[in-house]
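Enquirer: Let me begin by handing over the structure; questions about it come next.
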Amino acid sequence: MMRSRFRLLFLLNLSLLLFLSNCSQKVEPPVTKVIPKDVSLHGVTRIDNYFWLRERDNLEVITYLEAENRYSDAVMKHTKSLQEKLYAEMVSRIKETDLDVPEKLGDYFYYQRTEQGKQYPICCRKRGDFDASEEIILDENQLAVGREYFKVGVFKISPNHELLAFSVDTTGAERYTILVKNLVTGEMLPDVIPNNEYSLEWANDNQTFFYNTVDDARRPYKVFRHTLGTPPEQDVLIYHEPDEMYFLGIDKSRSQAYLFLELESTSTTEVWYLDANRPQEKFTVVHTRQHQMEYAVQHHGEQFFITTNDGAVNFKVVAAPVSNPSKKNWRDVIPHRESVKIDAIHAFETHLVVYERENGLRKIRITDLKNQQMYYVTFDEPAYAIRVRENPEFKTETLRFGYTSLVTPESVFDYDMNTRTRDLKKQTEVLGGFNPAQYQSERIFAKAADGVLVPISLVYKKGLAKDASHPLYLYAYGSYGTSRDADFKSNRLSLIDRGFVYAIAHIRGGGDMGRPWYDDGKLLKKKNTFTDFIACAEHLIAEKYTSADRLVAMGGSAGGLLMGAVTNMRPDLFKTVVAHVPFVDVINTMLDESIPLTVTEFEEWGNPKNKEYFDYMLSYSPYDNVEAKTYPNLLITAGLNDPRVQYWEPAKWTAKLRATKTDNNRLLLKTNMGAGHGGASGRYDALKETAFEYAFVLDVLGVK
């Protein structure tokens, strides 16, 4: 009897101890110190309590970021099995050992392949015929051994196919180092050049290449000429662009005849050209920069085809003689059209391919240069995306393009430009019993506050009842004139198969509906981007696709600015908001010209040193407009090495929200301490990040 009482008392005490232990381990959000800093301007007093989080080398900053990571992991600990399930689902849908469609270049077929369990692609080629023996020219997995982050930037084969010049980034900071491999012997050459940014091209002598370097603000500002076997310190400076508004890069014509030195601001372009057979000579300008005039050049025989917005807001195509391509010699080839935007052109020996955009959908226009006959490649789905492929061969009558939609996996077509027939070379295989017939896509329009109709692309399981009960995941970007076309991603099936509607809002600030669509969502019209998104959310609720307590909003980078703005403006409209690497500290960032992208983006956001722009930015800047009120559940991400949106923007925003908001909704900051803007570099690691995000959303919504 005594033993039983003792045993019972022991168990009660143990239970009490465990209870108290659990209480003592209650998850509390991090609290970071407040150091008020006066950042007043134009007579407006602004006190920034978290400005100090910019001090990257301050141990307290790293300690705070790590504390936020631990808090996020602790809050999400109960979803560990769900994260693992989601990750396993996403992996199970991809063909882990797979092969890209080979691209013919000269006597070789070049391609990438992946192997099960390996994070990175293996770059290969075969000579003469695809049945020939394989030659591995670069195994990224071997180069990435022991590195938390690894990314290949440029990948350029020499004209004689004997050399490979490529660049690597091992931190996510987007400062690349150029390396050269001898593909005949397999050895690495001593030519190692740091500080590159995505740009390199070979001259036709197979001994010379041109590359760019970046300044302290990571702006590509110089182009050098390098001769193999010579020290990089002896490389010849070809061009130095002192104007901080401009980025500088190098390109090569498809014909392989010319090298192009391209200078671009957000609204202005200048292009120089050089005979690729004469790399020691000087570049010649096509047309000297003219404010707010953009143009791009393609070579064809004795002329250049030039795409330009000169007197043509949606762009037109002109031709000019190579011997004197100055603007006075331009003649219209495809005139400007009010309702059609020209995105890009590709010149081949016998055909001119034009990628156009009308009513928000991309089209392919082909002109036979032998007889000037023109026609369009047509597509049937209500919403889709056309991918421009490399098409490195100039002397070909076959156009390769990618096609995808919200229900159609990425498909690669070879299109015969003479017979006007297409051949499906490959459609990405989605494993696990995926059947596109089970899903429905559509395109609807929401009316914005000023009456403009904003397209929304949707996908969901067939048979969906519009009863407002469904969770809906609404994505948008809306900046830089970038179009977010309706494409397929197998990861989304983990949401859609659980009853979600997935939607893309094609809001102003993007280029989805032409260049005026972009112009109507930038500078002093930026708020149209935010109100368009709100109108889309309201329309989806009104049409009973979802309800406010089932609505998830997601955006990243400039789309993260969108998330911050709409969260401040209409926190009642969203149950959950996911903001990836969000650009939220708008005024402080745009006042700091030492930060990458600041000066170059005055033409996108405005310069807050100008009071008109300052006042307008202050009215929407997410960080500056945090208030004591109820906010949705928030998942915010950052990258410690991010050069585009510095880690401290999401960190400061999180700290201010945590100190100011009045609700008990979840607020998580997840910082990748070894990566940059794009998150994890390995394909499996990236899926784990997605699984974390989806688990957060599903858990908040209570979706089983």
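We label chains A, B, ... in the order they appear in the structure tokens, count residues from 1 in each chain, and number ligands from 1 in the order shown.
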Taking only range 215-419 of chain A into account, list the residues labelled strand (DSSP E or B) by DSSP (computed from the backbone), as an MDAnalysis selection string.

Expert: chainID A and resid 220:227 236:240 247:252 258:264 269:275 284:285 295:300 303:308 316:321 331:334 337 340:347 351:358 361:368 374:377 384:388 398:405 411:416

Enquirer: Please report as CSV every residue of range 514-575 of chain A lying within 12 Å of range 358-375 of chain A, along with the nearest atom pair and their distance in Å (one decimal), using only C-alpha atoms.

Expert:
residue,atom,partner,partner_atom,distance
A:Gly514,CA,A:Glu358,CA,7.3
A:Arg515,CA,A:Glu358,CA,10.9
A:Trp517,CA,A:Gly360,CA,9.9

Enquirer: Would you save the residues of that selection, restricted to C-alpha atoms, as a CSV table (one decimal), in the first residue's frame?

Expert:
chain,number,residue,atom,x,y,z
A,514,GLY,CA,2.4,46.8,-72.0
A,515,ARG,CA,4.8,49.6,-71.2
A,517,TRP,CA,1.1,49.4,-67.5

Enquirer: From the list A:Val152, A:Val317, A:Val285, A:Ile94, which residue is nearest Ala165 in chain A when using only C-alpha atoms?

Expert: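 Ranked by minimum distance to Ala165 in chain A, first place goes to A:Val152.
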
Enquirer: Need to verify the contact set: Ala320 in chain A, 6 Å, only C-alpha atoms, exclusion of same-chain residues closer than 6 positions in sequence. Can you return it as a PDB file with N, CA and C atoms, in the first residue's frame?

Expert:
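Below is the file result17.pdb, written as the result:
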ATOM      1  N   GLN A 303      23.092  44.638 -91.772  1.00  0.00           N
ATOM      2  CA  GLN A 303      22.287  45.577 -91.003  1.00  0.00           C
ATOM      3  C   GLN A 303      22.126  45.113 -89.557  1.00  0.00           C
ATOM      4  N   PHE A 304      21.738  46.049 -88.732  1.00  0.00           N
ATOM      5  CA  PHE A 304      21.312  45.760 -87.370  1.00  0.00           C
ATOM      6  C   PHE A 304      19.799  45.925 -87.289  1.00  0.00           C
ATOM      7  N   ASN A 329      19.954  57.034 -89.599  1.00  0.00           N
ATOM      8  CA  ASN A 329      19.812  56.015 -90.633  1.00  0.00           C
ATOM      9  C   ASN A 329      18.800  54.928 -90.272  1.00  0.00           C
ATOM     10  N   TRP A 330      18.063  55.116 -89.184  1.00  0.00           N
ATOM     11  CA  TRP A 330      17.080  54.117 -88.793  1.00  0.00           C
ATOM     12  C   TRP A 330      15.849  54.203 -89.688  1.00  0.00           C
TER      13      TRP A 330
END

Enquirer: Considering only C-alpha atoms, return as a list in words whatever protein or nucleic-acid residues lie within 12 Å of Asp467 in chain A, sequence-local ones (same chain, fewer than 4 positions apart) excluded.

Expert: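 The contact residues come out as Gly463, Pro471, Leu540, Ile541, Ala542, Glu543, Lys544, Tyr545, Thr546, Ser547 and Arg550 of chain A.
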
Enquirer: Per DSSP on the backbone, filter range 41-71 of chain A down to the residues in helix (DSSP H, G or I) and report them as a ChimeraX atom specification.

Expert: /A:51-54,59-71

Enquirer: Just C-alpha atoms for this one: save the residues we selected as a PDB file, in the first residue's frame.

Expert:
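result_17.pdb, written as the output of this step:
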ATOM      1  CA  PHE A  51      18.836  51.695 -37.481  1.00  0.00           C
ATOM      2  CA  TRP A  52      21.657  49.980 -35.586  1.00  0.00           C
ATOM      3  CA  LEU A  53      20.691  46.601 -37.092  1.00  0.00           C
ATOM      4  CA  ARG A  54      22.616  47.707 -40.207  1.00  0.00           C
ATOM      5  CA  LEU A  59      27.939  40.646 -32.760  1.00  0.00           C
ATOM      6  CA  GLU A  60      24.640  41.810 -31.242  1.00  0.00           C
ATOM      7  CA  VAL A  61      23.139  42.008 -34.733  1.00  0.00           C
ATOM      8  CA  ILE A  62      24.099  38.430 -35.560  1.00  0.00           C
ATOM      9  CA  THR A  63      22.880  37.351 -32.108  1.00  0.00           C
ATOM     10  CA  TYR A  64      19.510  38.981 -32.799  1.00  0.00           C
ATOM     11  CA  LEU A  65      19.134  37.320 -36.219  1.00  0.00           C
ATOM     12  CA  GLU A  66      20.036  33.944 -34.750  1.00  0.00           C
ATOM     13  CA  ALA A  67      17.562  34.484 -31.914  1.00  0.00           C
ATOM     14  CA  GLU A  68      14.815  35.186 -34.454  1.00  0.00           C
ATOM     15  CA  ASN A  69      15.767  31.991 -36.300  1.00  0.00           C
ATOM     16  CA  ARG A  70      15.574  29.974 -33.076  1.00  0.00           C
ATOM     17  CA  TYR A  71      12.211  31.534 -32.284  1.00  0.00           C
TER      18      TYR A  71
END

Enquirer: Hey, can you check how far CA of Leu189 in chain A sits from CA of Lys151 in chain A?

Expert: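 Distance reported for this atom pair: 19.9 Å.
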
Enquirer: Between CA of Phe150 in chain A and CA of Val168 in chain A, measure the distance and give it in Å to one decimal.

Expert: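 Distance reported for this atom pair: 7.1 Å.
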
Enquirer: Just checking: using only C-alpha atoms, which residue out of A:Cys536, A:Lys525, A:Pro335, A:Lys316 ends up closest to Tyr616 in chain A?

Expert: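 Answer, going by the shortest atom-to-atom distance: A:Lys525.
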
Enquirer: Considering only C-alpha atoms, return as a VMD selection string whatever protein or nucleic-acid residues lie within 8 Å of range 198-200 of chain A, sequence-local ones (same chain, fewer than 3 positions apart) excluded.

Expert: chain A and resid 153 to 154 156 167 176 209 to 212 249 to 251

Enquirer: Next, the residues of the selection above should be written as a PDB file, in the first residue's frame with N, CA and C atoms.

Expert:
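Written out: out.pdb:
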ATOM      1  N   GLY A 153      27.577  31.554 -62.468  1.00  0.00           N
ATOM      2  CA  GLY A 153      27.054  32.748 -63.136  1.00  0.00           C
ATOM      3  C   GLY A 153      27.134  32.608 -64.639  1.00  0.00           C
ATOM      4  N   VAL A 154      28.204  33.140 -65.250  1.00  0.00           N
ATOM      5  CA  VAL A 154      28.379  32.997 -66.698  1.00  0.00           C
ATOM      6  C   VAL A 154      28.884  31.596 -67.019  1.00  0.00           C
ATOM      7  N   LYS A 156      30.405  30.207 -70.644  1.00  0.00           N
ATOM      8  CA  LYS A 156      30.660  30.570 -72.033  1.00  0.00           C
ATOM      9  C   LYS A 156      31.706  29.647 -72.663  1.00  0.00           C
ATOM     10  N   SER A 167      31.918  31.447 -64.159  1.00  0.00           N
ATOM     11  CA  SER A 167      32.127  32.197 -62.921  1.00  0.00           C
ATOM     12  C   SER A 167      31.322  31.554 -61.802  1.00  0.00           C
ATOM     13  N   TYR A 176      31.120  37.396 -58.377  1.00  0.00           N
ATOM     14  CA  TYR A 176      31.548  36.155 -59.020  1.00  0.00           C
ATOM     15  C   TYR A 176      33.036  36.186 -59.357  1.00  0.00           C
ATOM     16  N   PHE A 209      38.816  37.286 -74.148  1.00  0.00           N
ATOM     17  CA  PHE A 209      37.421  37.499 -73.760  1.00  0.00           C
ATOM     18  C   PHE A 209      37.291  38.825 -73.034  1.00  0.00           C
ATOM     19  N   PHE A 210      36.075  39.349 -73.040  1.00  0.00           N
ATOM     20  CA  PHE A 210      35.743  40.611 -72.392  1.00  0.00           C
ATOM     21  C   PHE A 210      34.837  40.311 -71.200  1.00  0.00           C
ATOM     22  N   TYR A 211      35.001  41.046 -70.102  1.00  0.00           N
ATOM     23  CA  TYR A 211      34.204  40.811 -68.903  1.00  0.00           C
ATOM     24  C   TYR A 211      33.996  42.129 -68.160  1.00  0.00           C
ATOM     25  N   ASN A 212      33.022  42.155 -67.275  1.00  0.00           N
ATOM     26  CA  ASN A 212      32.810  43.357 -66.476  1.00  0.00           C
ATOM     27  C   ASN A 212      33.222  43.129 -65.028  1.00  0.00           C
ATOM     28  N   GLY A 249      27.399  45.955 -69.269  1.00  0.00           N
ATOM     29  CA  GLY A 249      27.565  44.530 -69.559  1.00  0.00           C
ATOM     30  C   GLY A 249      28.083  44.302 -70.961  1.00  0.00           C
ATOM     31  N   ILE A 250      28.394  43.040 -71.266  1.00  0.00           N
ATOM     32  CA  ILE A 250      28.935  42.668 -72.570  1.00  0.00           C
ATOM     33  C   ILE A 250      28.102  41.532 -73.136  1.00  0.00           C
ATOM     34  N   ASP A 251      27.837  41.569 -74.431  1.00  0.00           N
ATOM     35  CA  ASP A 251      27.017  40.546 -75.094  1.00  0.00           C
ATOM     36  C   ASP A 251      27.620  40.262 -76.468  1.00  0.00           C
TER      37      ASP A 251
END
